[in-house]
$ cat protein39.cif   # mmCIF, C-alpha atoms
data_protein
loop_
_atom_site.group_PDB
_atom_site.id
_atom_site.type_symbol
_atom_site.label_atom_id
_atom_site.label_comp_id
_atom_site.auth_asym_id
_atom_site.auth_seq_id
_atom_site.Cartn_x
_atom_site.Cartn_y
_atom_site.Cartn_z
ATOM 1 C CA MET S 1 0.000 0.000 0.000
ATOM 2 C CA LEU S 2 2.818 2.394 0.844
ATOM 3 C CA SER S 3 4.411 1.922 -2.563
ATOM 4 C CA ILE S 4 1.078 2.623 -4.266
ATOM 5 C CA PHE S 5 0.619 5.779 -2.148
ATOM 6 C CA LEU S 6 4.123 7.012 -2.980
ATOM 7 C CA SER S 7 3.538 6.335 -6.662
ATOM 8 C CA LEU S 8 0.262 8.266 -6.640
ATOM 9 C CA THR S 9 1.864 11.124 -4.710
ATOM 10 C CA ALA S 10 4.740 11.326 -7.196
ATOM 11 C CA SER S 11 2.382 11.331 -10.164
ATOM 12 C CA ALA S 12 0.309 14.095 -8.571
ATOM 13 C CA ALA S 13 3.336 16.279 -7.776
ATOM 14 C CA PRO S 14 3.578 19.469 -9.851
ATOM 15 C CA LEU S 15 5.845 19.242 -12.865
ATOM 16 C CA THR S 16 8.485 21.942 -12.567
ATOM 17 C CA TYR S 17 11.483 22.762 -14.739
ATOM 18 C CA THR S 18 14.436 23.806 -12.606
ATOM 19 C CA LEU S 19 16.305 26.103 -14.970
ATOM 20 C CA THR S 20 19.607 27.663 -13.952
ATOM 21 C CA PRO S 21 21.216 30.107 -16.378
ATOM 22 C CA THR S 22 24.950 29.464 -16.853
ATOM 23 C CA ARG S 23 27.087 32.444 -17.871
ATOM 24 C CA ILE S 24 29.307 31.472 -20.813
ATOM 25 C CA ALA S 25 30.530 34.896 -21.970
ATOM 26 C CA GLU S 26 29.957 38.585 -21.355
ATOM 27 C CA ASP S 27 26.175 39.165 -21.026
ATOM 28 C CA THR S 28 25.528 35.659 -22.380
ATOM 29 C CA TYR S 29 23.765 32.752 -20.656
ATOM 30 C CA VAL S 30 22.640 29.242 -21.535
ATOM 31 C CA PHE S 31 20.227 26.741 -19.987
ATOM 32 C CA GLU S 32 22.018 23.422 -20.457
ATOM 33 C CA GLY S 33 19.806 20.447 -21.285
ATOM 34 C CA THR S 34 20.481 16.733 -20.952
ATOM 35 C CA ARG S 35 21.992 14.529 -23.675
ATOM 36 C CA GLU S 36 18.885 12.330 -23.762
ATOM 37 C CA HIS S 37 15.834 11.868 -25.939
ATOM 38 C CA PHE S 38 12.447 13.353 -25.040
ATOM 39 C CA THR S 39 10.961 11.483 -22.063
ATOM 40 C CA ARG S 40 8.352 12.079 -19.387
ATOM 41 C CA ALA S 41 11.194 12.038 -16.867
ATOM 42 C CA ASN S 42 13.047 15.005 -18.396
ATOM 43 C CA GLY S 43 10.041 16.911 -19.714
ATOM 44 C CA GLY S 44 11.782 17.424 -23.046
ATOM 45 C CA ASN S 45 14.554 19.496 -21.443
ATOM 46 C CA ILE S 46 17.271 18.349 -23.841
ATOM 47 C CA LEU S 47 18.176 21.575 -25.674
ATOM 48 C CA ASN S 48 20.586 24.441 -24.883
ATOM 49 C CA PRO S 49 18.459 27.588 -25.215
ATOM 50 C CA GLY S 50 20.117 30.835 -24.209
ATOM 51 C CA PHE S 51 19.921 34.592 -23.988
ATOM 52 C CA ILE S 52 22.010 37.751 -24.287
ATOM 53 C CA VAL S 53 21.518 40.769 -22.023
ATOM 54 C CA SER S 54 22.369 43.263 -24.744
ATOM 55 C CA GLY S 55 22.005 46.579 -22.935
ATOM 56 C CA ASP S 56 19.050 47.274 -25.210
ATOM 57 C CA GLY S 57 16.841 44.414 -24.077
ATOM 58 C CA VAL S 58 17.232 40.640 -23.846
ATOM 59 C CA LEU S 59 17.660 38.478 -26.938
ATOM 60 C CA VAL S 60 16.419 34.905 -26.537
ATOM 61 C CA PHE S 61 17.513 31.894 -28.583
ATOM 62 C CA GLN S 62 14.947 29.048 -28.653
ATOM 63 C CA THR S 63 12.014 28.802 -26.253
ATOM 64 C CA GLY S 64 12.034 25.133 -25.278
ATOM 65 C CA PRO S 65 9.691 22.162 -25.642
ATOM 66 C CA SER S 66 6.533 23.403 -23.886
ATOM 67 C CA ARG S 67 4.648 26.424 -22.614
ATOM 68 C CA LYS S 68 5.705 25.477 -19.071
ATOM 69 C CA PHE S 69 9.369 25.479 -20.142
ATOM 70 C CA GLY S 70 9.055 28.875 -21.820
ATOM 71 C CA GLU S 71 7.464 30.332 -18.694
ATOM 72 C CA ALA S 72 10.221 28.887 -16.491
ATOM 73 C CA MET S 73 12.838 30.230 -18.883
ATOM 74 C CA ARG S 74 11.369 33.716 -18.814
ATOM 75 C CA ALA S 75 11.222 33.663 -15.008
ATOM 76 C CA ALA S 76 14.870 32.579 -14.842
ATOM 77 C CA ILE S 77 15.903 35.387 -17.199
ATOM 78 C CA ALA S 78 14.239 37.852 -14.832
ATOM 79 C CA THR S 79 16.553 36.681 -12.007
ATOM 80 C CA VAL S 80 19.540 37.834 -14.091
ATOM 81 C CA THR S 81 18.308 41.157 -15.460
ATOM 82 C CA ALA S 82 15.441 43.601 -15.294
ATOM 83 C CA GLN S 83 15.874 44.394 -18.992
ATOM 84 C CA PRO S 84 12.786 43.389 -20.985
ATOM 85 C CA VAL S 85 12.887 40.646 -23.590
ATOM 86 C CA ARG S 86 13.251 42.432 -26.921
ATOM 87 C CA LYS S 87 13.267 39.578 -29.436
ATOM 88 C CA VAL S 88 13.240 35.780 -29.713
ATOM 89 C CA PHE S 89 15.116 33.852 -32.401
ATOM 90 C CA VAL S 90 13.961 30.332 -33.323
ATOM 91 C CA SER S 91 16.475 28.235 -35.262
ATOM 92 C CA ASN S 92 14.283 25.535 -36.836
ATOM 93 C CA LEU S 93 10.968 23.691 -36.691
ATOM 94 C CA HIS S 94 11.948 20.916 -34.267
ATOM 95 C CA PRO S 95 9.721 20.955 -31.171
ATOM 96 C CA ASP S 96 12.196 21.900 -28.450
ATOM 97 C CA TYR S 97 13.111 25.091 -30.315
ATOM 98 C CA TRP S 98 9.707 26.778 -30.360
ATOM 99 C CA LEU S 99 6.940 25.095 -28.358
ATOM 100 C CA GLY S 100 7.633 27.538 -25.513
ATOM 101 C CA ASN S 101 6.679 30.461 -27.773
ATOM 102 C CA GLN S 102 3.462 31.150 -25.835
ATOM 103 C CA ALA S 103 5.557 32.516 -22.960
ATOM 104 C CA PHE S 104 7.054 35.113 -25.339
ATOM 105 C CA ALA S 105 3.981 35.944 -27.396
ATOM 106 C CA ASP S 106 4.186 39.626 -26.387
ATOM 107 C CA VAL S 107 7.494 40.167 -28.244
ATOM 108 C CA PRO S 108 8.625 39.591 -31.855
ATOM 109 C CA ILE S 109 9.565 35.958 -32.527
ATOM 110 C CA ALA S 110 11.891 35.727 -35.528
ATOM 111 C CA ALA S 111 12.738 32.714 -37.685
ATOM 112 C CA LEU S 112 13.773 31.979 -41.248
ATOM 113 C CA PRO S 113 10.852 31.987 -43.711
ATOM 114 C CA GLY S 114 11.270 28.231 -44.237
ATOM 115 C CA THR S 115 10.976 27.630 -40.507
ATOM 116 C CA ILE S 116 7.881 29.802 -40.261
ATOM 117 C CA GLU S 117 6.256 27.905 -43.108
ATOM 118 C CA GLY S 118 7.305 24.545 -41.633
ATOM 119 C CA ILE S 119 5.811 25.386 -38.229
ATOM 120 C CA ARG S 120 2.647 26.700 -39.866
ATOM 121 C CA ARG S 121 2.364 23.473 -41.870
ATOM 122 C CA GLU S 122 3.494 20.899 -39.276
ATOM 123 C CA GLY S 123 3.055 22.658 -35.944
ATOM 124 C CA GLU S 124 -0.134 20.921 -34.833
ATOM 125 C CA GLY S 125 1.322 17.491 -35.585
ATOM 126 C CA ILE S 126 4.625 18.337 -33.892
ATOM 127 C CA ALA S 127 2.809 19.493 -30.757
ATOM 128 C CA GLY S 128 0.610 16.398 -30.753
ATOM 129 C CA ASN S 129 3.652 14.137 -30.971
ATOM 130 C CA MET S 130 5.250 15.950 -28.030
ATOM 131 C CA TYR S 131 2.093 15.390 -25.965
ATOM 132 C CA ARG S 132 2.559 11.663 -26.585
ATOM 133 C CA LEU S 133 6.257 11.790 -25.664
ATOM 134 C CA ILE S 134 6.281 13.939 -22.513
ATOM 135 C CA GLY S 135 2.662 13.928 -21.362
ATOM 136 C CA ASP S 136 1.535 16.464 -18.775
ATOM 137 C CA TRP S 137 4.600 18.667 -19.245
ATOM 138 C CA MET S 138 2.803 19.838 -22.376
ATOM 139 C CA ARG S 139 -0.399 20.831 -20.602
ATOM 140 C CA GLY S 140 -1.663 24.168 -21.958
ATOM 141 C CA THR S 141 0.832 24.209 -24.850
ATOM 142 C CA GLU S 142 -0.441 25.354 -28.214
ATOM 143 C CA PRO S 143 1.546 26.067 -31.386
ATOM 144 C CA VAL S 144 2.532 29.719 -31.815
ATOM 145 C CA VAL S 145 4.018 30.450 -35.223
ATOM 146 C CA PRO S 146 6.967 32.892 -35.278
ATOM 147 C CA THR S 147 5.790 36.373 -36.187
ATOM 148 C CA GLU S 148 8.756 37.895 -38.005
ATOM 149 C CA PRO S 149 10.927 36.583 -40.857
ATOM 150 C CA ALA S 150 14.693 36.608 -40.336
ATOM 151 C CA TYR S 151 17.214 36.803 -43.156
ATOM 152 C CA GLY S 152 20.969 36.683 -43.485
ATOM 153 C CA SER S 153 22.156 40.000 -42.092
ATOM 154 C CA THR S 154 24.188 41.674 -39.366
ATOM 155 C CA VAL S 155 22.199 43.466 -36.674
ATOM 156 C CA VAL S 156 23.201 45.464 -33.600
ATOM 157 C CA TYR S 157 21.401 45.330 -30.269
ATOM 158 C CA GLY S 158 22.905 47.444 -27.515
ATOM 159 C CA ARG S 159 26.490 46.292 -26.955
ATOM 160 C CA HIS S 160 26.225 43.263 -29.245
ATOM 161 C CA ARG S 161 26.639 42.802 -32.980
ATOM 162 C CA LEU S 162 24.945 39.630 -34.268
ATOM 163 C CA ARG S 163 25.419 37.903 -37.601
ATOM 164 C CA LEU S 164 22.308 35.958 -38.644
ATOM 165 C CA ILE S 165 23.356 32.981 -40.767
ATOM 166 C CA PRO S 166 20.687 31.136 -42.816
ATOM 167 C CA LEU S 167 21.553 27.521 -43.554
ATOM 168 C CA GLU S 168 19.828 24.360 -44.790
ATOM 169 C CA GLY S 169 20.527 20.675 -44.394
ATOM 170 C CA HIS S 170 19.689 19.650 -40.847
ATOM 171 C CA THR S 171 16.230 20.954 -41.782
ATOM 172 C CA ASP S 172 15.048 22.968 -44.770
ATOM 173 C CA ALA S 173 15.852 26.163 -42.820
ATOM 174 C CA ASP S 174 18.439 26.378 -40.025
ATOM 175 C CA LEU S 175 19.321 29.690 -38.396
ATOM 176 C CA ALA S 176 22.724 30.018 -36.709
ATOM 177 C CA VAL S 177 23.640 33.227 -34.879
ATOM 178 C CA LEU S 178 27.200 34.439 -34.283
ATOM 179 C CA ASP S 179 27.667 37.161 -31.697
ATOM 180 C CA GLU S 180 30.641 38.958 -33.241
ATOM 181 C CA THR S 181 31.107 40.908 -29.989
ATOM 182 C CA THR S 182 31.854 37.852 -27.845
ATOM 183 C CA GLY S 183 32.609 35.136 -30.408
ATOM 184 C CA VAL S 184 29.694 33.002 -29.163
ATOM 185 C CA LEU S 185 28.051 30.911 -31.863
ATOM 186 C CA PHE S 186 24.501 29.701 -31.249
ATOM 187 C CA ALA S 187 24.703 26.891 -33.780
ATOM 188 C CA GLY S 188 20.998 26.105 -33.837
ATOM 189 C CA GLY S 189 20.282 22.570 -34.983
ATOM 190 C CA VAL S 190 23.445 22.141 -36.998
ATOM 191 C CA VAL S 191 26.008 21.047 -34.380
ATOM 192 C CA PHE S 192 25.707 18.291 -31.768
ATOM 193 C CA CYS S 193 28.336 17.763 -29.068
ATOM 194 C CA ASP S 194 28.734 14.314 -27.474
ATOM 195 C CA ARG S 195 25.140 13.600 -28.492
ATOM 196 C CA THR S 196 24.100 11.643 -31.585
ATOM 197 C CA PRO S 197 22.628 13.905 -34.300
ATOM 198 C CA THR S 198 18.947 13.674 -35.170
ATOM 199 C CA THR S 199 17.874 13.410 -38.796
ATOM 200 C CA PRO S 200 14.063 13.588 -39.273
ATOM 201 C CA HIS S 201 14.323 16.429 -41.818
ATOM 202 C CA ALA S 202 17.952 15.974 -42.854
ATOM 203 C CA ASP S 203 19.671 16.233 -46.201
ATOM 204 C CA ILE S 204 23.138 14.928 -45.285
ATOM 205 C CA ALA S 205 25.045 16.487 -48.187
ATOM 206 C CA ARG S 206 23.610 19.927 -47.482
ATOM 207 C CA TRP S 207 24.165 19.471 -43.745
ATOM 208 C CA LEU S 208 27.844 18.808 -44.345
ATOM 209 C CA GLY S 209 27.911 22.066 -46.285
ATOM 210 C CA GLU S 210 26.413 23.840 -43.269
ATOM 211 C CA LEU S 211 29.222 22.504 -41.110
ATOM 212 C CA ASP S 212 31.814 23.784 -43.583
ATOM 213 C CA ALA S 213 30.229 27.251 -43.399
ATOM 214 C CA LEU S 214 30.363 27.268 -39.592
ATOM 215 C CA GLU S 215 33.921 25.927 -39.548
ATOM 216 C CA ALA S 216 35.053 29.051 -41.402
ATOM 217 C CA LEU S 217 33.759 31.408 -38.700
ATOM 218 C CA GLU S 218 35.814 32.950 -35.912
ATOM 219 C CA VAL S 219 34.264 31.269 -32.884
ATOM 220 C CA ARG S 220 35.415 31.400 -29.272
ATOM 221 C CA THR S 221 32.495 29.570 -27.662
ATOM 222 C CA LEU S 222 30.183 27.174 -29.462
ATOM 223 C CA VAL S 223 26.687 26.464 -28.150
ATOM 224 C CA PRO S 224 25.437 23.284 -29.837
ATOM 225 C CA ASN S 225 21.751 22.559 -29.953
ATOM 226 C CA HIS S 226 22.347 19.438 -27.875
ATOM 227 C CA GLY S 227 25.326 18.539 -25.714
ATOM 228 C CA ARG S 228 28.323 20.192 -24.102
ATOM 229 C CA ILE S 229 29.230 23.816 -24.675
ATOM 230 C CA ARG S 230 32.866 24.141 -25.722
ATOM 231 C CA ASN S 231 35.435 26.872 -26.205
ATOM 232 C CA ASP S 232 36.514 25.449 -29.560
ATOM 233 C CA LYS S 233 34.992 24.064 -32.756
ATOM 234 C CA ALA S 234 35.758 20.387 -32.081
ATOM 235 C CA CYS S 235 32.114 19.362 -32.170
ATOM 236 C CA ILE S 236 31.745 20.615 -35.714
ATOM 237 C CA ALA S 237 34.280 17.954 -36.661
ATOM 238 C CA GLN S 238 32.529 15.401 -34.430
ATOM 239 C CA THR S 239 29.169 16.060 -36.096
ATOM 240 C CA ARG S 240 30.769 15.895 -39.552
ATOM 241 C CA ASP S 241 32.464 12.579 -38.689
ATOM 242 C CA TRP S 242 29.172 11.017 -37.601
ATOM 243 C CA LEU S 243 27.197 12.217 -40.610
ATOM 244 C CA THR S 244 29.899 11.124 -43.055
ATOM 245 C CA TRP S 245 30.092 7.671 -41.478
ATOM 246 C CA LEU S 246 26.302 7.320 -41.313
ATOM 247 C CA ASP S 247 25.782 8.300 -44.938
ATOM 248 C CA ARG S 248 28.569 6.047 -46.241
ATOM 249 C CA THR S 249 27.471 3.104 -44.095
ATOM 250 C CA LEU S 250 23.855 3.221 -45.253
ATOM 251 C CA ARG S 251 24.858 3.649 -48.893
ATOM 252 C CA ASP S 252 27.243 0.682 -48.644
ATOM 253 C CA ALA S 253 24.525 -1.394 -46.968
ATOM 254 C CA VAL S 254 22.052 -0.669 -49.760
ATOM 255 C CA GLU S 255 24.586 -1.486 -52.454
ATOM 256 C CA ALA S 256 25.505 -4.714 -50.647
ATOM 257 C CA GLY S 257 21.870 -5.798 -50.865
ATOM 258 C CA LEU S 258 21.011 -5.503 -47.164
ATOM 259 C CA ASP S 259 17.468 -4.673 -46.166
ATOM 260 C CA MET S 260 16.546 -2.018 -43.619
ATOM 261 C CA THR S 261 16.062 -4.541 -40.812
ATOM 262 C CA GLU S 262 19.606 -5.798 -41.283
ATOM 263 C CA ALA S 263 20.933 -2.237 -41.415
ATOM 264 C CA LEU S 264 19.380 -1.431 -38.034
ATOM 265 C CA ASP S 265 21.840 -3.753 -36.301
ATOM 266 C CA LEU S 266 25.053 -2.851 -38.119
ATOM 267 C CA PRO S 267 28.014 -2.221 -35.779
ATOM 268 C CA ILE S 268 28.868 1.351 -34.840
ATOM 269 C CA PRO S 269 32.572 2.287 -34.600
ATOM 270 C CA GLU S 270 34.023 2.550 -31.113
ATOM 271 C CA ARG S 271 34.986 6.205 -31.638
ATOM 272 C CA PHE S 272 31.302 7.116 -31.347
ATOM 273 C CA ALA S 273 30.736 5.249 -28.076
ATOM 274 C CA GLY S 274 30.636 8.459 -26.032
ATOM 275 C CA LEU S 275 27.704 9.956 -27.937
ATOM 276 C CA GLY S 276 24.418 10.155 -26.055
ATOM 277 C CA VAL S 277 21.469 7.974 -27.218
ATOM 278 C CA LEU S 278 23.766 6.403 -29.796
ATOM 279 C CA ARG S 279 21.999 3.224 -30.876
ATOM 280 C CA GLU S 280 18.543 4.790 -30.550
ATOM 281 C CA GLU S 281 19.367 7.737 -32.805
ATOM 282 C CA TYR S 282 21.221 5.504 -35.257
ATOM 283 C CA ARG S 283 18.091 3.376 -35.624
ATOM 284 C CA ARG S 284 15.934 6.464 -36.075
ATOM 285 C CA SER S 285 18.313 7.705 -38.760
ATOM 286 C CA VAL S 286 18.067 4.406 -40.616
ATOM 287 C CA ALA S 287 14.286 4.827 -40.609
ATOM 288 C CA HIS S 288 14.561 8.470 -41.733
ATOM 289 C CA LEU S 289 17.156 8.029 -44.475
ATOM 290 C CA TRP S 290 16.901 4.485 -45.808
ATOM 291 C CA LEU S 291 14.177 4.915 -48.411
ATOM 292 C CA LYS S 292 15.792 7.970 -50.010
ATOM 293 C CA ILE S 293 19.198 6.260 -50.191
ATOM 294 C CA GLU S 294 17.633 3.069 -51.515
ATOM 295 C CA GLN S 295 15.752 4.911 -54.226
ATOM 296 C CA ALA S 296 18.883 6.807 -55.273
ATOM 297 C CA ALA S 297 20.852 3.560 -55.498
ATOM 298 C CA LEU S 298 18.296 1.499 -57.425
ATOM 299 C CA PRO S 299 19.671 2.216 -60.923
ATOM 300 C CA ARG S 300 23.125 1.038 -59.808
ATOM 301 C CA VAL S 301 22.054 -2.133 -57.970
ATOM 302 C CA LYS S 302 22.273 -5.214 -60.187
#

$ encode --input "protein39.cif" --output "structure tokens"
Amino acid sequence: MLSIFLSLTASAAPLTYTLTPTRIAEDTYVFEGTREHFTRANGGNILNPGFIVSGDGVLVFQTGPSRKFGEAMRAAIATVTAQPVRKVFVSNLHPDYWLGNQAFADVPIAALPGTIEGIRREGEGIAGNMYRLIGDWMRGTEPVVPTEPAYGSTVVYGRHRLRLIPLEGHTDADLAVLDETTGVLFAGGVVFCDRTPTTPHADIARWLGELDALEALEVRTLVPNHGRIRNDKACIAQTRDWLTWLDRTLRDAVEAGLDMTEALDLPIPERFAGLGVLREEYRRSVAHLWLKIEQAALPRVK
């Protein structure tokens, strides 16, 4: 009986995100997420959203996986500064980037046109899938489409000069933001660090081109979408290594006549052993990419 009571008590306890902003550079903070997949245990808190206290208002990057997360994020920002939130930037259409938008609906929310269109088209389905994955953490969450298109440009807010960098490959529209004042790169969905990349909307060849574009930048601190924040660009190389291996492995498997079920259990090189959710994301990537690779290879398969 005691175990049943404790279980009921735990399930009835309020769901609360404990968000602590970590200062990573002058005026710049990040909320570090886990290196896991979305679960009811973590409430979808697996991203690294952040903010800059610019001197002319707060700039927010990503709003998290739920309305509750966005509200907790905004409350945590208020413990750092009394400056109002001036603008939100959303990097792509994946759920943990924008489902907290309701908490910032009183300010401009900017995203690339392709992201805006993707959220308008897929937002209801994305939100519904998150309800299935994380349950009550999503209570009260409704899709809010970004309100302002962003384009490649350099903009100044207070003490900070930001370069907005439109990319494509991880999704059809990926926004990276380089703070030229501090050298902090908010890499959006393009870079993973010690966490296996996700591929539901990926074009691997274009994604590798995105990584080349980011590699050329002068970066002092890199904030990946998932995983550890680093003071170098090593995780660009790590992400490139994984994507190159994944693409080559699946193409070789198709040309060798394997079916998708056999490909799901192919060995993964030891150098990737430290990546979070490794086998799970590999299997998801097989499901995401197999048909396209198979169709491209059909004329060459005898």

$ axis_aligned_box --input "protein39.cif" --around "region 280-289 of chain S" --padding-each-side "4 Å" --output "AutoDock Vina command-line options"
--center_x 17.8 --center_y 5.9 --center_z -37.5 --size_x 14.9 --size_y 13.1 --size_z 21.9

$ residues_around --input "protein39.cif" --residues "Met73 (chain S)" --least-positions-apart "2" --cutoff "9 Å" --atoms "only C-alpha atoms" --output "PDB file with C-alpha atoms, in the coordinates of the input"
ATOM      1  CA  TYR S  17      11.483  22.762 -14.739  1.00  0.00           C
ATOM      2  CA  LEU S  19      16.305  26.103 -14.970  1.00  0.00           C
ATOM      3  CA  THR S  20      19.607  27.663 -13.952  1.00  0.00           C
ATOM      4  CA  PRO S  21      21.216  30.107 -16.378  1.00  0.00           C
ATOM      5  CA  PHE S  31      20.227  26.741 -19.987  1.00  0.00           C
ATOM      6  CA  PRO S  49      18.459  27.588 -25.215  1.00  0.00           C
ATOM      7  CA  THR S  63      12.014  28.802 -26.253  1.00  0.00           C
ATOM      8  CA  GLY S  64      12.034  25.133 -25.278  1.00  0.00           C
ATOM      9  CA  LYS S  68       5.705  25.477 -19.071  1.00  0.00           C
ATOM     10  CA  PHE S  69       9.369  25.479 -20.142  1.00  0.00           C
ATOM     11  CA  GLY S  70       9.055  28.875 -21.820  1.00  0.00           C
ATOM     12  CA  GLU S  71       7.464  30.332 -18.694  1.00  0.00           C
ATOM     13  CA  ALA S  75      11.222  33.663 -15.008  1.00  0.00           C
ATOM     14  CA  ALA S  76      14.870  32.579 -14.842  1.00  0.00           C
ATOM     15  CA  ILE S  77      15.903  35.387 -17.199  1.00  0.00           C
ATOM     16  CA  ALA S  78      14.239  37.852 -14.832  1.00  0.00           C
ATOM     17  CA  GLY S 100       7.633  27.538 -25.513  1.00  0.00           C
ATOM     18  CA  ALA S 103       5.557  32.516 -22.960  1.00  0.00           C
TER      19      ALA S 103
END

$ atom_distance --input "protein39.cif" --atom1 "CA of Arg240 (chain S)" --atom2 "CA of Cys193 (chain S)"
10.9 Å

$ residues_around --input "protein39.cif" --residues "Trp245 (chain S)" --least-positions-apart "5" --cutoff "12 Å" --atoms "all atoms listed in the file" --output "ChimeraX atom specification"
/S:204,208,238-240,250-253,267-269,271-272,282

$ resolve_selection --input "protein39.cif" --expression "the PyMOL selection byres ((chain S and resi 133) around 12)" --output "ChimeraX atom specification"
/S:37-44,65-66,95,126-132,134-138

$ closest_residue --input "protein39.cif" --among "S:Pro108, S:Pro14, S:Pro166, S:Gly188" --to "His94 (chain S)" --atoms "all atoms listed in the file"
S:Gly188
